[in-house]
>>> print(open('my_file-v1.txt').read())   # compact mmCIF, C-alpha atoms
# COMPACT_ATOMS: atom_id res chain seq x y z
CA MET A 1 -151.41 58.75 -37.68
CA ALA A 2 -148.57 56.43 -38.65
CA GLY A 3 -148.90 54.63 -35.32
CA GLY A 4 -152.69 54.20 -35.85
CA GLU A 5 -152.14 52.74 -39.30
CA ALA A 6 -149.50 50.35 -37.96
CA SER A 7 -151.73 49.10 -35.13
CA SER A 8 -154.80 48.66 -37.34
CA SER A 9 -152.83 46.81 -40.01
CA GLY A 10 -151.27 44.59 -37.34
CA ALA A 11 -154.72 43.75 -35.97
CA ALA A 12 -156.06 43.04 -39.44
CA GLY A 13 -153.22 40.66 -40.20
CA GLY A 14 -153.67 38.80 -36.91
CA GLY A 15 -150.11 39.69 -35.88
CA GLU A 16 -148.68 37.75 -38.84
CA LYS A 17 -147.51 40.79 -40.79
CA PRO A 18 -143.72 41.21 -40.37
CA LYS A 19 -142.63 44.17 -38.29
CA THR A 20 -140.96 47.05 -40.11
CA SER A 21 -138.95 49.99 -38.81
CA PRO A 22 -140.82 53.28 -38.23
CA LYS A 23 -140.66 56.01 -40.89
CA SER A 24 -138.42 58.19 -38.75
CA VAL A 25 -135.85 55.36 -38.56
CA LYS A 26 -136.05 54.84 -42.35
CA PHE A 27 -135.35 58.56 -42.95
CA LEU A 28 -132.51 58.51 -40.40
CA PHE A 29 -130.92 55.44 -42.01
CA GLY A 30 -131.31 56.98 -45.49
CA GLY A 31 -129.40 60.08 -44.39
CA LEU A 32 -126.75 58.07 -42.51
CA ALA A 33 -126.23 55.74 -45.49
CA GLY A 34 -125.69 58.75 -47.78
CA MET A 35 -123.23 60.20 -45.26
CA GLY A 36 -121.32 56.91 -45.06
CA ALA A 37 -120.99 56.80 -48.86
CA THR A 38 -119.82 60.44 -48.93
CA VAL A 39 -116.82 59.57 -46.73
CA PHE A 40 -115.54 57.41 -49.61
CA VAL A 41 -116.44 59.62 -52.61
CA GLN A 42 -115.65 63.09 -51.17
CA PRO A 43 -112.30 63.31 -53.06
CA LEU A 44 -114.17 62.89 -56.38
CA ASP A 45 -116.53 65.73 -55.40
CA LEU A 46 -113.56 67.97 -54.62
CA VAL A 47 -111.88 67.18 -57.96
CA LYS A 48 -115.14 67.80 -59.85
CA ASN A 49 -115.59 71.21 -58.19
CA ARG A 50 -111.97 72.22 -58.83
CA MET A 51 -112.27 71.19 -62.50
CA GLN A 52 -115.45 73.27 -62.91
CA LEU A 53 -113.73 76.36 -61.48
CA SER A 54 -110.50 75.83 -63.44
CA GLY A 55 -110.03 78.41 -66.21
CA GLU A 56 -112.81 80.66 -64.84
CA GLY A 57 -112.92 84.14 -66.35
CA ALA A 58 -110.71 83.23 -69.35
CA LYS A 59 -107.77 82.48 -67.04
CA THR A 60 -105.35 79.67 -67.87
CA LYS A 61 -106.76 76.27 -66.91
CA GLU A 62 -105.14 75.07 -63.69
CA TYR A 63 -105.78 71.40 -64.41
CA LYS A 64 -105.43 69.64 -67.76
CA THR A 65 -107.30 66.48 -66.67
CA SER A 66 -108.92 65.01 -63.55
CA PHE A 67 -105.79 62.92 -62.88
CA HIS A 68 -103.64 66.06 -63.15
CA ALA A 69 -105.98 67.72 -60.62
CA VAL A 70 -105.62 64.83 -58.14
CA ALA A 71 -101.81 64.81 -58.47
CA SER A 72 -101.64 68.61 -58.09
CA ILE A 73 -103.90 68.66 -54.99
CA LEU A 74 -101.94 65.84 -53.32
CA LYS A 75 -98.63 67.58 -54.06
CA LYS A 76 -99.69 71.06 -52.82
CA GLU A 77 -102.18 70.24 -50.06
CA GLY A 78 -101.33 66.70 -48.97
CA VAL A 79 -103.66 63.75 -48.36
CA GLN A 80 -105.85 65.80 -46.00
CA GLY A 81 -106.32 68.33 -48.82
CA ILE A 82 -108.23 65.78 -50.89
CA TYR A 83 -110.78 65.53 -48.06
CA THR A 84 -111.31 69.29 -47.68
CA GLY A 85 -115.00 70.07 -47.19
CA LEU A 86 -115.92 66.63 -45.86
CA SER A 87 -117.99 68.13 -43.01
CA ALA A 88 -120.02 70.12 -45.57
CA GLY A 89 -120.47 67.01 -47.73
CA LEU A 90 -121.80 65.11 -44.70
CA LEU A 91 -124.22 67.93 -43.77
CA ARG A 92 -125.43 68.08 -47.39
CA GLN A 93 -126.31 64.37 -47.24
CA ALA A 94 -127.95 64.76 -43.80
CA THR A 95 -130.20 67.57 -45.07
CA TYR A 96 -130.74 66.75 -48.76
CA THR A 97 -131.04 62.94 -48.63
CA THR A 98 -133.21 62.84 -45.50
CA THR A 99 -135.59 65.54 -46.80
CA ARG A 100 -135.82 63.97 -50.27
CA LEU A 101 -136.53 60.52 -48.82
CA GLY A 102 -139.12 61.91 -46.39
CA ILE A 103 -140.99 63.96 -49.04
CA TYR A 104 -140.90 61.06 -51.53
CA THR A 105 -142.33 58.60 -48.97
CA ILE A 106 -145.09 61.00 -47.87
CA LEU A 107 -146.16 61.86 -51.45
CA PHE A 108 -145.94 58.22 -52.56
CA GLU A 109 -148.28 57.15 -49.75
CA LYS A 110 -150.70 60.05 -50.41
CA LEU A 111 -150.96 59.12 -54.11
CA THR A 112 -151.25 55.36 -53.60
CA GLY A 113 -154.79 54.18 -54.42
CA ALA A 114 -157.26 53.07 -51.73
CA ASP A 115 -156.86 49.52 -53.08
CA GLY A 116 -153.10 49.71 -52.47
CA ARG A 117 -152.22 50.20 -56.15
CA PRO A 118 -149.02 52.27 -56.44
CA PRO A 119 -148.88 55.44 -58.62
CA ASN A 120 -148.05 54.99 -62.32
CA PHE A 121 -144.62 55.72 -63.86
CA PHE A 122 -145.31 59.39 -64.67
CA ILE A 123 -146.70 60.16 -61.22
CA LYS A 124 -143.69 58.43 -59.64
CA ALA A 125 -141.39 60.51 -61.85
CA GLY A 126 -143.21 63.67 -60.75
CA ILE A 127 -142.92 62.64 -57.09
CA GLY A 128 -139.19 61.97 -57.54
CA MET A 129 -138.56 65.35 -59.18
CA THR A 130 -140.63 67.23 -56.57
CA ALA A 131 -138.88 65.46 -53.67
CA GLY A 132 -135.48 66.11 -55.31
CA ALA A 133 -136.21 69.83 -55.76
CA ILE A 134 -137.43 70.31 -52.16
CA GLY A 135 -134.49 68.32 -50.80
CA ALA A 136 -132.09 70.44 -52.90
CA PHE A 137 -133.61 73.66 -51.49
CA VAL A 138 -133.15 72.43 -47.90
CA GLY A 139 -129.60 71.28 -48.69
CA THR A 140 -128.46 74.46 -50.49
CA PRO A 141 -126.70 76.09 -47.45
CA ALA A 142 -124.54 72.96 -47.01
CA GLU A 143 -123.95 72.93 -50.80
CA VAL A 144 -122.73 76.57 -50.73
CA ALA A 145 -120.35 75.74 -47.85
CA LEU A 146 -119.13 72.62 -49.69
CA ILE A 147 -118.36 74.49 -52.94
CA ARG A 148 -116.46 77.23 -51.09
CA MET A 149 -114.50 74.86 -48.87
CA THR A 150 -113.45 72.61 -51.76
CA ALA A 151 -112.48 75.65 -53.87
CA ASP A 152 -110.37 77.33 -51.18
CA GLY A 153 -107.13 75.41 -51.74
CA ARG A 154 -106.78 76.65 -55.35
CA LEU A 155 -106.63 80.31 -54.25
CA PRO A 156 -103.56 82.28 -53.09
CA PRO A 157 -103.29 82.21 -49.25
CA ASP A 158 -104.35 85.89 -48.88
CA GLN A 159 -107.57 85.26 -50.86
CA ARG A 160 -108.72 82.09 -49.08
CA ARG A 161 -111.87 82.14 -46.98
CA GLY A 162 -110.36 79.69 -44.49
CA TYR A 163 -113.51 78.11 -43.09
CA ALA A 164 -112.61 75.72 -40.23
CA ASN A 165 -115.63 73.44 -40.83
CA VAL A 166 -119.16 73.57 -42.24
CA PHE A 167 -120.68 75.22 -39.15
CA ASN A 168 -117.96 77.88 -39.11
CA ALA A 169 -118.68 78.42 -42.83
CA LEU A 170 -122.45 78.83 -42.28
CA VAL A 171 -121.96 81.25 -39.35
CA ARG A 172 -119.41 83.37 -41.24
CA ILE A 173 -121.43 83.46 -44.47
CA THR A 174 -124.47 84.63 -42.47
CA ARG A 175 -122.44 87.26 -40.56
CA GLU A 176 -120.34 88.53 -43.50
CA GLU A 177 -122.74 88.24 -46.45
CA GLY A 178 -126.25 87.84 -44.99
CA VAL A 179 -128.70 84.94 -44.70
CA PRO A 180 -129.83 85.06 -48.40
CA THR A 181 -126.26 84.08 -49.45
CA LEU A 182 -126.83 80.65 -47.85
CA TRP A 183 -129.40 80.03 -50.60
CA ARG A 184 -127.30 81.50 -53.41
CA GLY A 185 -127.63 79.29 -56.47
CA CYS A 186 -130.68 77.45 -55.09
CA VAL A 187 -132.47 77.69 -58.49
CA PRO A 188 -129.74 75.81 -60.44
CA THR A 189 -129.32 73.46 -57.45
CA MET A 190 -133.03 72.58 -57.58
CA ALA A 191 -132.93 72.43 -61.40
CA ARG A 192 -130.03 69.97 -61.22
CA ALA A 193 -131.99 67.75 -58.80
CA VAL A 194 -134.99 67.73 -61.18
CA VAL A 195 -132.78 66.97 -64.22
CA VAL A 196 -130.92 64.19 -62.36
CA ASN A 197 -134.15 62.52 -61.18
CA ALA A 198 -135.82 62.79 -64.61
CA ALA A 199 -132.73 61.62 -66.53
CA GLN A 200 -132.11 58.68 -64.18
CA LEU A 201 -135.69 57.43 -64.34
CA ALA A 202 -136.06 57.73 -68.11
CA SER A 203 -132.59 56.51 -69.12
CA TYR A 204 -132.51 53.53 -66.72
CA SER A 205 -135.76 51.98 -67.96
CA GLN A 206 -134.82 52.66 -71.60
CA SER A 207 -131.30 51.24 -71.16
CA LYS A 208 -132.61 48.14 -69.42
CA GLN A 209 -135.15 47.54 -72.20
CA PHE A 210 -132.48 48.06 -74.89
CA LEU A 211 -130.14 45.52 -73.22
CA LEU A 212 -132.92 42.93 -72.85
CA ASP A 213 -134.01 43.41 -76.49
CA SER A 214 -130.41 42.85 -77.66
CA GLY A 215 -130.69 39.18 -76.67
CA TYR A 216 -127.31 39.25 -74.86
CA PHE A 217 -128.76 39.99 -71.42
CA ARG A 218 -131.31 38.47 -69.07
CA ASP A 219 -133.13 40.37 -66.32
CA ASN A 220 -130.44 39.84 -63.68
CA ILE A 221 -127.88 41.82 -61.65
CA LEU A 222 -125.47 42.14 -64.62
CA CYS A 223 -128.22 43.70 -66.73
CA HIS A 224 -129.15 46.07 -63.84
CA PHE A 225 -125.49 47.07 -63.37
CA CYS A 226 -124.96 47.80 -67.10
CA ALA A 227 -128.25 49.72 -67.30
CA SER A 228 -127.18 51.73 -64.24
CA MET A 229 -123.82 52.61 -65.84
CA ILE A 230 -125.52 53.75 -69.07
CA SER A 231 -128.09 55.69 -67.04
CA GLY A 232 -125.26 57.33 -65.06
CA LEU A 233 -123.59 58.40 -68.31
CA VAL A 234 -126.80 60.00 -69.63
CA THR A 235 -127.57 61.62 -66.25
CA THR A 236 -124.04 63.08 -65.98
CA ALA A 237 -124.16 64.48 -69.54
CA ALA A 238 -127.62 66.01 -68.99
CA SER A 239 -126.95 67.56 -65.58
CA MET A 240 -123.38 68.88 -65.87
CA PRO A 241 -124.18 72.24 -67.55
CA VAL A 242 -126.65 73.01 -64.73
CA ASP A 243 -124.09 71.80 -62.19
CA ILE A 244 -121.30 74.10 -63.44
CA ALA A 245 -123.73 77.05 -63.26
CA LYS A 246 -124.52 76.11 -59.64
CA THR A 247 -120.83 75.71 -58.72
CA ARG A 248 -119.76 79.06 -60.22
CA ILE A 249 -122.65 81.02 -58.66
CA GLN A 250 -122.11 79.55 -55.20
CA ASN A 251 -118.37 80.26 -55.28
CA MET A 252 -118.55 83.78 -56.82
CA ARG A 253 -117.43 86.96 -55.08
CA MET A 254 -118.75 90.50 -55.29
CA ILE A 255 -116.59 92.72 -57.54
CA ASP A 256 -117.05 96.48 -56.89
CA GLY A 257 -120.37 95.69 -55.23
CA LYS A 258 -121.60 93.63 -58.17
CA PRO A 259 -121.79 89.82 -58.43
CA GLU A 260 -119.59 88.08 -61.00
CA TYR A 261 -122.67 86.41 -62.52
CA ARG A 262 -126.25 87.64 -62.72
CA ASN A 263 -127.83 84.16 -62.89
CA GLY A 264 -127.30 80.61 -64.16
CA LEU A 265 -127.88 81.58 -67.80
CA ASP A 266 -125.20 84.29 -67.52
CA VAL A 267 -122.74 81.60 -66.28
CA LEU A 268 -123.50 79.35 -69.26
CA VAL A 269 -123.11 82.21 -71.78
CA LYS A 270 -119.77 83.32 -70.26
CA VAL A 271 -118.39 79.76 -70.05
CA ILE A 272 -119.23 79.13 -73.73
CA ARG A 273 -117.85 82.53 -74.82
CA TYR A 274 -114.56 82.50 -72.88
CA GLU A 275 -113.81 78.81 -72.33
CA GLY A 276 -115.57 76.98 -75.16
CA PHE A 277 -118.80 74.98 -75.48
CA PHE A 278 -117.37 71.71 -74.13
CA SER A 279 -116.17 73.44 -70.95
CA LEU A 280 -119.77 73.02 -69.75
CA TRP A 281 -118.78 69.39 -69.13
CA LYS A 282 -115.60 70.10 -67.11
CA GLY A 283 -115.19 67.54 -64.35
CA PHE A 284 -117.18 64.90 -66.27
CA THR A 285 -114.89 62.02 -65.24
CA PRO A 286 -115.00 62.54 -61.42
CA TYR A 287 -118.73 63.39 -61.57
CA TYR A 288 -119.51 60.14 -63.41
CA ALA A 289 -117.04 58.13 -61.31
CA ARG A 290 -118.73 59.45 -58.13
CA LEU A 291 -122.29 58.65 -59.21
CA GLY A 292 -122.03 54.83 -59.32
CA PRO A 293 -119.98 54.17 -56.15
CA HIS A 294 -122.06 56.65 -54.12
CA THR A 295 -125.31 54.88 -55.06
CA VAL A 296 -123.87 51.39 -54.47
CA LEU A 297 -122.27 52.32 -51.12
CA THR A 298 -125.47 54.07 -49.97
CA PHE A 299 -127.47 50.87 -50.53
CA ILE A 300 -124.81 48.69 -48.87
CA PHE A 301 -124.82 50.88 -45.73
CA LEU A 302 -128.62 51.03 -45.78
CA GLU A 303 -128.92 47.23 -45.95
CA GLN A 304 -126.45 46.77 -43.08
CA MET A 305 -128.26 49.29 -40.84
CA ASN A 306 -131.65 47.72 -41.61
CA LYS A 307 -130.23 44.24 -40.82
CA PHE A 308 -128.81 45.55 -37.52
CA TYR A 309 -132.14 47.21 -36.61
CA ARG A 310 -134.14 44.04 -37.42
CA LYS A 311 -131.77 41.87 -35.38
CA PHE A 312 -131.56 44.02 -32.23
CA PHE A 313 -134.89 45.88 -32.15
CA LEU A 314 -137.56 44.08 -34.18
CA SER A 315 -136.69 40.50 -33.21
CA ALA A 316 -136.83 41.32 -29.49
>>> encode(input="my_file-v1.txt", output="structure tokens")
Amino acid sequence: MAGGEASSSGAAGGGEKPKTSPKSVKFLFGGLAGMGATVFVQPLDLVKNRMQLSGEGAKTKEYKTSFHAVASILKKEGVQGIYTGLSAGLLRQATYTTTRLGIYTILFEKLTGADGRPPNFFIKAGIGMTAGAIGAFVGTPAEVALIRMTADGRLPPDQRRGYANVFNALVRITREEGVPTLWRGCVPTMARAVVVNAAQLASYSQSKQFLLDSGYFRDNILCHFCASMISGLVTTAASMPVDIAKTRIQNMRMIDGKPEYRNGLDVLVKVIRYEGFFSLWKGFTPYYARLGPHTVLTFIFLEQMNKFYRKFFLSA
């Protein structure tokens, strides 16, 4: 179908329409760009996960701040310790980002008018949230492996799971705990994706409008950057309580045959009761610090891959 559309549009334009890469290549590049960015921001993900698990079950908090966490991890586990779980982070991007991009593109094209008019803001928001939720569901097994691998170093040696890599983690989880465990915490994972997409869309447009109305900004890259930073702040604040529920559920163990938490709501209630209301935002600094660079790096890698593809494949 895609090939038919491409050939008919090419004929209609008399061969003048510029060539573009096929959808499959776009999805592949989207996933690869996300993976490239993850290589740089993985330490922030690890610190965020450790912070969210610190003080669990009314125990003494292991880390006072994010900087204390980084120093402690480097001291006890070395430089390689800060990159624990990288293979799981890469698989998460390969599954989540590629699926989300694919679903978004398909739905966007389906809902574009016959006259070529794109969907309105609310439909686009709905498409983004739907694509995010489906992508999160597909990426949940990698997410479970990532949470467990990044959490392992904080445990005493006899209690560590000791996964060698993400594939070893997935095989062992399936063998030792059953296939359903791979999708443990998929509801809060999907909820987080919906919240992130909704918060980003709404807060970015509002922030941009606020900055333009102030009279100090024009519609340029500086305005876009500042709006993105404000949007990231709002998105982080809105999604962190759902994120801590996801992290705790995916890392939990069975105690006397019973899970530590019944569901995401049970996590939130216990965190507030035993650790305080503001503990729902543990790991705020690394989470926020990760958001901006990951987005920027993803687009840089994507641009470079598209440029390479145009130069060596489309210009031939």
>>> closest_residue(input="my_file-v1.txt", among="A:Tyr83, A:Trp183, A:Gln93, A:Asn251", to="Thr298 (chain A)", atoms="all atoms listed in the file")
A:Gln93
>>> residues_around(input="my_file-v1.txt", residues="Ser239 (chain A)", least_positions_apart="3", cutoff="8 Å", atoms="all atoms listed in the file", output="CSV table (one decimal) with C-alpha atoms, in the coordinates of the input")
chain,number,residue,atom,x,y,z
A,192,ARG,CA,-130.0,70.0,-61.2
A,195,VAL,CA,-132.8,67.0,-64.2
A,196,VAL,CA,-130.9,64.2,-62.4
A,235,THR,CA,-127.6,61.6,-66.2
A,236,THR,CA,-124.0,63.1,-66.0
A,242,VAL,CA,-126.6,73.0,-64.7
A,243,ASP,CA,-124.1,71.8,-62.2
>>> residues_near_point(input="my_file-v1.txt", point="(-114.4, 80.1, -38.2)", cutoff="12 Å", atoms="all atoms listed in the file", output="VMD selection string")
chain A and resid 149 161 to 176
>>> residues_around(input="my_file-v1.txt", residues="Arg310 (chain A)", least_positions_apart="2", cutoff="12 Å", atoms="all atoms listed in the file", output="ChimeraX atom specification")
/A:18-22,25,303-308,312-316
>>> residues_near_point(input="my_file-v1.txt", point="(-112.1, 75.5, -64.8)", cutoff="8 Å", atoms="only C-alpha atoms", output="PyMOL selection string")
chain A and resi 50-56+61-63+279+282
>>> closest_residue(input="my_file-v1.txt", among="A:Gly276, A:Gly232, A:Pro119, A:Gly89", to="Ala289 (chain A)", atoms="all atoms listed in the file")
A:Gly232
>>> closest_atom_pairs(input="my_file-v1.txt", of="region 128-197 of chain A", to="region 65-77 of chain A", cutoff="12 Å", atoms="only C-alpha atoms", output="CSV")
residue,atom,partner,partner_atom,distance
A:Thr150,CA,A:Ile73,CA,10.8
A:Ala151,CA,A:Ile73,CA,11.1
A:Asp152,CA,A:Glu77,CA,10.9
A:Gly153,CA,A:Glu77,CA,7.4
A:Arg154,CA,A:Ile73,CA,8.5
A:Leu155,CA,A:Lys76,CA,11.7
A:Pro156,CA,A:Lys76,CA,11.9
>>> atom_distance(input="my_file-v1.txt", atom1="CA of Ile134 (chain A)", atom2="CA of Arg100 (chain A)")
6.8 Å
>>> closest_residue(input="my_file-v1.txt", among="A:Lys311, A:Arg184, A:Arg160, A:Lys48", to="Met240 (chain A)", atoms="all atoms listed in the file")
A:Lys48
>>> atom_distance(input="my_file-v1.txt", atom1="CA of Ala245 (chain A)", atom2="CA of Thr189 (chain A)")
8.8 Å
>>> atom_distance(input="my_file-v1.txt", atom1="CA of Leu146 (chain A)", atom2="CA of Phe278 (chain A)")
24.5 Å
>>> closest_residue(input="my_file-v1.txt", among="A:Met35, A:Cys226, A:Gln200, A:Ile244", to="Leu212 (chain A)", atoms="only C-alpha atoms")
A:Cys226
>>> closest_residue(input="my_file-v1.txt", among="A:Pro293, A:Gly132, A:Pro241, A:Gly185", to="Leu268 (chain A)", atoms="all atoms listed in the file")
A:Pro241
>>> residues_around(input="my_file-v1.txt", residues="Met129 (chain A)", least_positions_apart="4", cutoff="10 Å", atoms="only C-alpha atoms", output="list in words")
Arg100, Tyr104, Ile123, Lys124, Ala125, Ala133, Ile134, Gly135, Met190, Ala191, Arg192, Ala193, Val194, Val195, Val196, Asn197, Ala198 and Leu201 of chain A
>>> closest_residue(input="my_file-v1.txt", among="A:Phe299, A:Phe40, A:Phe277, A:Phe122", to="Leu90 (chain A)", atoms="only C-alpha atoms")
A:Phe40
>>> residues_around(input="my_file-v1.txt", residues="Ala37 (chain A)", least_positions_apart="6", cutoff="12 Å", atoms="all atoms listed in the file", output="ChimeraX atom specification")
/A:30-31,43-45,86,89-90,93-94,97,290-302
>>> write_last_selection(input="my_file-v1.txt", atoms="C-alpha atoms", output="short mmCIF file (atom, residue, chain, number, x, y, z; two decimals), in the coordinates of the input")
data_model
loop_
_atom_site.label_atom_id
_atom_site.label_comp_id
_atom_site.auth_asym_id
_atom_site.auth_seq_id
_atom_site.Cartn_x
_atom_site.Cartn_y
_atom_site.Cartn_z
CA GLY A 30 -131.31 56.98 -45.49
CA GLY A 31 -129.40 60.08 -44.39
CA PRO A 43 -112.30 63.31 -53.06
CA LEU A 44 -114.17 62.89 -56.38
CA ASP A 45 -116.53 65.73 -55.40
CA LEU A 86 -115.92 66.63 -45.86
CA GLY A 89 -120.47 67.01 -47.73
CA LEU A 90 -121.80 65.11 -44.70
CA GLN A 93 -126.31 64.37 -47.24
CA ALA A 94 -127.95 64.76 -43.80
CA THR A 97 -131.04 62.94 -48.63
CA ARG A 290 -118.73 59.45 -58.13
CA LEU A 291 -122.29 58.65 -59.21
CA GLY A 292 -122.03 54.83 -59.32
CA PRO A 293 -119.98 54.17 -56.15
CA HIS A 294 -122.06 56.65 -54.12
CA THR A 295 -125.31 54.88 -55.06
CA VAL A 296 -123.87 51.39 -54.47
CA LEU A 297 -122.27 52.32 -51.12
CA THR A 298 -125.47 54.07 -49.97
CA PHE A 299 -127.47 50.87 -50.53
CA ILE A 300 -124.81 48.69 -48.87
CA PHE A 301 -124.82 50.88 -45.73
CA LEU A 302 -128.62 51.03 -45.78
#
>>> build_atoms(input="my_file-v1.txt", residues="region 33-48 of chain A", atoms="N, CA, C and O atoms", output="CSV table (one decimal), keeping the file's coordinate frame")
chain,number,residue,atom,x,y,z
A,33,ALA,N,-126.8,56.5,-44.4
A,33,ALA,CA,-126.2,55.7,-45.5
A,33,ALA,C,-125.6,56.7,-46.5
A,33,ALA,O,-124.5,56.4,-47.0
A,34,GLY,N,-126.3,57.8,-46.9
A,34,GLY,CA,-125.7,58.8,-47.8
A,34,GLY,C,-124.4,59.4,-47.2
A,34,GLY,O,-123.4,59.6,-48.0
A,35,MET,N,-124.4,59.6,-45.9
A,35,MET,CA,-123.2,60.2,-45.3
A,35,MET,C,-122.1,59.2,-45.3
A,35,MET,O,-120.9,59.6,-45.5
A,36,GLY,N,-122.4,57.9,-45.0
A,36,GLY,CA,-121.3,56.9,-45.1
A,36,GLY,C,-120.7,56.8,-46.4
A,36,GLY,O,-119.4,56.7,-46.6
A,37,ALA,N,-121.5,56.9,-47.5
A,37,ALA,CA,-121.0,56.8,-48.9
A,37,ALA,C,-120.1,58.0,-49.2
A,37,ALA,O,-119.1,57.9,-49.9
A,38,THR,N,-120.5,59.2,-48.7
A,38,THR,CA,-119.8,60.4,-48.9
A,38,THR,C,-118.4,60.4,-48.4
A,38,THR,O,-117.5,61.0,-49.0
A,39,VAL,N,-118.2,59.7,-47.3
A,39,VAL,CA,-116.8,59.6,-46.7
A,39,VAL,C,-115.9,59.0,-47.8
A,39,VAL,O,-114.7,59.4,-47.9
A,40,PHE,N,-116.4,58.1,-48.6
A,40,PHE,CA,-115.5,57.4,-49.6
A,40,PHE,C,-115.4,58.2,-50.9
A,40,PHE,O,-114.4,58.1,-51.6
A,41,VAL,N,-116.5,59.0,-51.3
A,41,VAL,CA,-116.4,59.6,-52.6
A,41,VAL,C,-116.1,61.1,-52.5
A,41,VAL,O,-116.1,61.8,-53.6
A,42,GLN,N,-115.9,61.7,-51.3
A,42,GLN,CA,-115.6,63.1,-51.2
A,42,GLN,C,-114.5,63.6,-52.1
A,42,GLN,O,-114.6,64.6,-52.7
A,43,PRO,N,-113.4,62.8,-52.2
A,43,PRO,CA,-112.3,63.3,-53.1
A,43,PRO,C,-112.8,63.5,-54.5
A,43,PRO,O,-112.3,64.5,-55.2
A,44,LEU,N,-113.7,62.7,-55.0
A,44,LEU,CA,-114.2,62.9,-56.4
A,44,LEU,C,-115.0,64.2,-56.5
A,44,LEU,O,-115.0,64.9,-57.5
A,45,ASP,N,-115.8,64.5,-55.4
A,45,ASP,CA,-116.5,65.7,-55.4
A,45,ASP,C,-115.6,66.9,-55.5
A,45,ASP,O,-115.9,67.9,-56.2
A,46,LEU,N,-114.5,66.9,-54.7
A,46,LEU,CA,-113.6,68.0,-54.6
A,46,LEU,C,-112.9,68.2,-56.0
A,46,LEU,O,-112.8,69.3,-56.5
A,47,VAL,N,-112.5,67.1,-56.6
A,47,VAL,CA,-111.9,67.2,-58.0
A,47,VAL,C,-112.9,67.8,-59.0
A,47,VAL,O,-112.5,68.6,-59.8
A,48,LYS,N,-114.1,67.3,-58.9
A,48,LYS,CA,-115.1,67.8,-59.8
A,48,LYS,C,-115.3,69.3,-59.7
A,48,LYS,O,-115.3,70.1,-60.7
